[in-house]
Each structure stands twice: as structure tokens, then as C-alpha cells.
Amino acid sequence: MMRRPLALGSLLFALLLAGTAAAADAEDCASDTPAVSIPACTRIIGRAGEPDDNIAEAIANRGKAYMLLNDFNRAIADLDEALRRRPQHGVAHHNRGVVYLQQGEFEKALADFTEATRLSPQDAESRFARGRTYHAMGKIDLALADFDAAIKIDARHVDALISRGALLASTGKPEQALKDYDEALRIDPNNADAYSNRGSLYLMTSRFPQAMADLNQAIKLDPANEMAYLNRGMTYVFQKQFDRAISDFDRALRLNPRNSHVLVQRATAYFFKKQPDRALADLNEAIRLDSKSLQAHKLRAAIHSGSGRRDQAIADFRKALELDPSDQSVKKGLADLGAAQ
């Protein structure tokens with residue numbers, strides 16, 4: 001006679017279902033997709049009888065999810081609570097540091113990344129993030145030391161290679177920077193930022209064909225790469241292809257209308273095209289956005305001077321000299337106008 005399967009007791013069946021649901025929530029809570037992780041983490045946090053460590057981890061994971069959504073207030077609230085419950089939670093320190101860095105609170109970011117590296121000395125990501133923070137603070141030597149450390153821990157850390165390359169390029173070491181960009185592209189041949197940065201380096205060292213090739217590739221890989229459009233536009237200016245330059249500056253400004261540097265570069269192209277009114281419009285907007293733009297004041301002074309607006313030219317040259325008292329071209333501009341420095 002065929003036996004029927006025994007029915008599970010209702011309490012035991014409920015417990016098994018609860019265990020399955022809890023396991024699914026734990027997996028979903030650790031997801032990098034906020035729409036999946038936030039509800040699952042919230043269920044864990046509110047579940048009766050959940051161990052304290054599980055709750056702390058769920059709060060930390062939910063804080064990371066809010067961070068990914070750029071919901072910084074909720075992210076900080078959760079990460080603060082996670083660290084109150086587990087002060088030694090290195091990942092929570094790292095993620096809170098990322099939020100502080102994005103908010104421009106560099107000292108707080110630095111403290112969190114430093115604690116994260118203390119808790120996990122072999123964590124390349126926190127070393128890299130601390131290097132980015134030092135860079136944002138203008139502490140170049142400390143930034144380089146952290147990028148070096150991140151690369152020593154993880155030789156394939158592409159972002160650290162690109163960031164170190166950018167710092168080396170900005171401190172007058174273009175060939176060392178080029179090695180970092182080459183290595184980044186060897187590891188990740190489709191990295192748009194590496195192509196963009198290497199293209200910028202080639203532009204800076206007047207290797208225009210190589211610059212154009214890299215910047216074309218950066219834009220092909222990432223059509224929203226604002227810096228690649230800017231640098232390709234500048235390459236076109238050097239090659240006297242002003243209409244193409246303006247087209248690229250237009251694209252960069254569509255991506256970020258508040259980029260004063262792009263406005264100055266487009267003004268430069270208009271200036272060379274003998275369209276001073278358009279150049280002035282861009283320079284006025286650039287200075288409105290960034291009153292300390294040396295290049296904008298110098299170019300606007302030159303346009304005013306060429307148009308016979310002596311007083312306005314003198315005012316711009318003097319502002320430029322205030323920004324950089326060592327600029328000899330500005331001193332000459334004032335002297336040519338018969339004005340005191």
C-alpha cells in the first residue's frame with residue numbers, strides 16, 4: 001500500500017519558511033542593487049529576534065545602498081548607526097568616507113578612510129580612496145603615497161594607476177604618467193578614462209596625432225566623457241580647426257553647462273575666429289562662474305584692449321595680476337596700456 005508523505009507540523013513548517021525567507025533577505029540585503037537591498041535590509045532590521053550582528057550588517061548594507069542612490073542623509077544616518085553598534089566595521093567606515101568625500105567634507109572622509117586602512121591594512125580600495133581625499137585637499141605627496149600603496153597591494157587597480165598618472169602628469173613627470181596610463185590600458189583596454197587622460201597627456205606634450213587618436217577612442221567608449229570633448233576641442237584649437245573645436249566645446253557644455261574652463265576654451269576658439277563678441281559672452285559667463293579664472297581675465301583684457309576699451313582692459317589685467325603677481329604677460333599688457341601695476 002502506498003504511503004502518503006507525512007505532513008509537517010504547522011509550527012515546524014512556519015519555522016522552515018521563515019529560515020528560507022531570512023536566508024533570501026540576507027542575500028538580497030548584500031546586493032549592489034538598491035531596489036533589491038533596501039527592502040531586504042529593512043526587513044532584517046525590523047525582524048524580531050534577529051541577532052545584533054545581523055542587524056548591524058543590514059544597517060551598514062542599507063547605508064551603502066543609500067550611498068549608491070546619492071541619498072547622502074539617509075546613508076550617513078545608517079552608517080553612523082552601524083558604526084555605533086560595531087565600531088570596528090571597516091566597510092562601514094569606508095562607505096561613510098565615500099559619502100563625506102562626495103560632500104566635500106574632506107577631514108571627516110580622511111578620518112574614516114584612515115580607520116578603514118587601520119582595520120584592513122591590505123585593503124587597496126580604502127588606500128586609493130584616502131589618496132583621492134588627499135588629492136582633493138591639495139596634499140599631493142600624501143596622495144601619491146596612498147596611490148603607490150594601493151597599487152603595491154593590487155597591481156591591477158586601474159583607478160589607482162589612472163589617478164597616479166594624473167598626479168604625475170600635473171607635477172611635471174609626463175613619461176612616468178604615460179607608463180601608468182599604458183599599464184591601465186593593458187589591464188583594461190576599454191577604459192575610457194585612461195584613454196581620456198592619456199590623450200590629455202599627449203596634448204600637453206604636443207603629440208597631437210596621438211592625442212587625437214586617444215580622445216577619439218575615449219569618446220567612442222564613453223560618449224558622455226566631458227573631459228575628452230574638452231581636450232579634443234583643445235587639440236583642434238592647436239591644429240587651427242576652430243569650428244571642430246567649438247563643436248566639441250558645445251558638446252562638453254551640454255554635459256556640464258557650468259564648466260568655466262570649457263567656456264574659456266570656447267572663447268579662445270571664437271577669439272581666433274575673429275568673433276570677439278561671442279568670445280566676450282563666454283568669458284563673462286566663465287568669470288561669473290569662477291571669478292578667479294586667470295585665463296578668462298587675461299583673454300577678456302586682451303579683447304577689451306584690442307577693441308579700444310582701455311579702462312576695462314586695465315581692470316581685467318589688474319585682476320589677473322592679483323591672481324598671479326608673477327605673470328609677465330599681464331605686466332606687459334598693463335605697461336602697453338600705460339597703466340600702473
# chains A, B, ... in the order shown; residues from 1 in each chain; ligands from 1

$ residues_around --residues "Arg278 (chain A)" --least-positions-apart "4" --cutoff "7 Å" --atoms "only C-alpha atoms" --output "ChimeraX atom specification"
/A:267,270,282

$ residues_around --residues "Val237 (chain A)" --least-positions-apart "5" --cutoff "10 Å" --atoms "only C-alpha atoms" --output "VMD selection string"
chain A and resid 231 to 232 242 to 246 265 to 266 268 to 269 272

$ write_last_selection --atoms "C-alpha atoms" --output "PDB file, in the first residue's frame"
ATOM      1  CA  ASN A 231      40.705  68.013 -24.595  1.00  0.00           C
ATOM      2  CA  ARG A 232      39.814  67.066 -28.157  1.00  0.00           C
ATOM      3  CA  PHE A 242      38.315  76.141 -34.822  1.00  0.00           C
ATOM      4  CA  ASP A 243      34.850  75.044 -35.995  1.00  0.00           C
ATOM      5  CA  ARG A 244      35.542  71.474 -34.908  1.00  0.00           C
ATOM      6  CA  ALA A 245      36.912  72.782 -31.617  1.00  0.00           C
ATOM      7  CA  ILE A 246      33.765  74.811 -30.971  1.00  0.00           C
ATOM      8  CA  GLN A 265      38.439  77.425 -24.235  1.00  0.00           C
ATOM      9  CA  ARG A 266      35.437  78.078 -26.476  1.00  0.00           C
ATOM     10  CA  THR A 268      39.645  81.187 -27.225  1.00  0.00           C
ATOM     11  CA  ALA A 269      38.374  79.479 -30.375  1.00  0.00           C
ATOM     12  CA  PHE A 272      40.958  83.110 -33.108  1.00  0.00           C
TER      13      PHE A 272
END

$ residues_around --residues "Leu161 (chain A)" --least-positions-apart "5" --cutoff "7 Å" --atoms "only C-alpha atoms" --output "list of chain:residue names"
A:Asp180, A:Tyr181, A:Ala184

$ residues_around --residues "Ala92 (chain A)" --least-positions-apart "6" --cutoff "9 Å" --atoms "only C-alpha atoms" --output "ChimeraX atom specification"
/A:57,60-61,63-64,79-80,82-83,112,116

$ write_last_selection --atoms "C-alpha atoms" --output "JSON list (two decimals), in the first residue's frame"
[["chain", "number", "residue", "atom", "x", "y", "z"],
["A", 57, "GLU", "CA", 25.35, 44.40, 8.99],
["A", 60, "ALA", "CA", 25.56, 49.05, 7.05],
["A", 61, "ASN", "CA", 24.39, 47.47, 3.79],
["A", 63, "GLY", "CA", 23.60, 52.72, 4.22],
["A", 64, "LYS", "CA", 25.71, 51.61, 1.24],
["A", 79, "LEU", "CA", 26.33, 54.18, 8.57],
["A", 80, "ASP", "CA", 26.51, 56.16, 11.84],
["A", 82, "ALA", "CA", 26.03, 50.67, 12.06],
["A", 83, "LEU", "CA", 29.28, 52.05, 13.48],
["A", 112, "ASP", "CA", 37.07, 57.27, 8.03],
["A", 116, "ALA", "CA", 39.35, 51.63, 7.38]]

$ atom_distance --atom1 "CA of Lys319 (chain A)" --atom2 "CA of Asp248 (chain A)"
29.3 Å

$ closest_residue --among "A:Leu299, A:Ala213, A:Ile287, A:Ile76" --to "Phe271 (chain A)" --atoms "only C-alpha atoms"
A:Leu299

$ select_by_dssp --residues "region 118-309 of chain A" --states "helix (DSSP H, G or I)" --output "ChimeraX atom specification"
/A:118-119,124-136,140-153,158-170,174-187,192-204,208-221,226-238,242-255,260-272,276-289,294-306

$ residues_around --residues "region 328-332 of chain A" --least-positions-apart "3" --cutoff "10 Å" --atoms "only C-alpha atoms" --output "MDAnalysis selection string"
chainID A and resid 297:298 301:302 314 316:321 324:325 335:341

$ residues_around --residues "Arg47 (chain A)" --least-positions-apart "3" --cutoff "12 Å" --atoms "only C-alpha atoms" --output "list in words"
Ala18, Ala21, Ala22, Asp25, Ala26, Ala40, Cys41, Thr42, Arg43, Ile44, Glu50, Pro51, Asp52, Asn54, Ile55 and Ala58 of chain A

$ atom_distance --atom1 "CA of Tyr229 (chain A)" --atom2 "CA of Ala252 (chain A)"
5.6 Å

$ atom_distance --atom1 "CA of Ile45 (chain A)" --atom2 "CA of Arg85 (chain A)"
12.6 Å
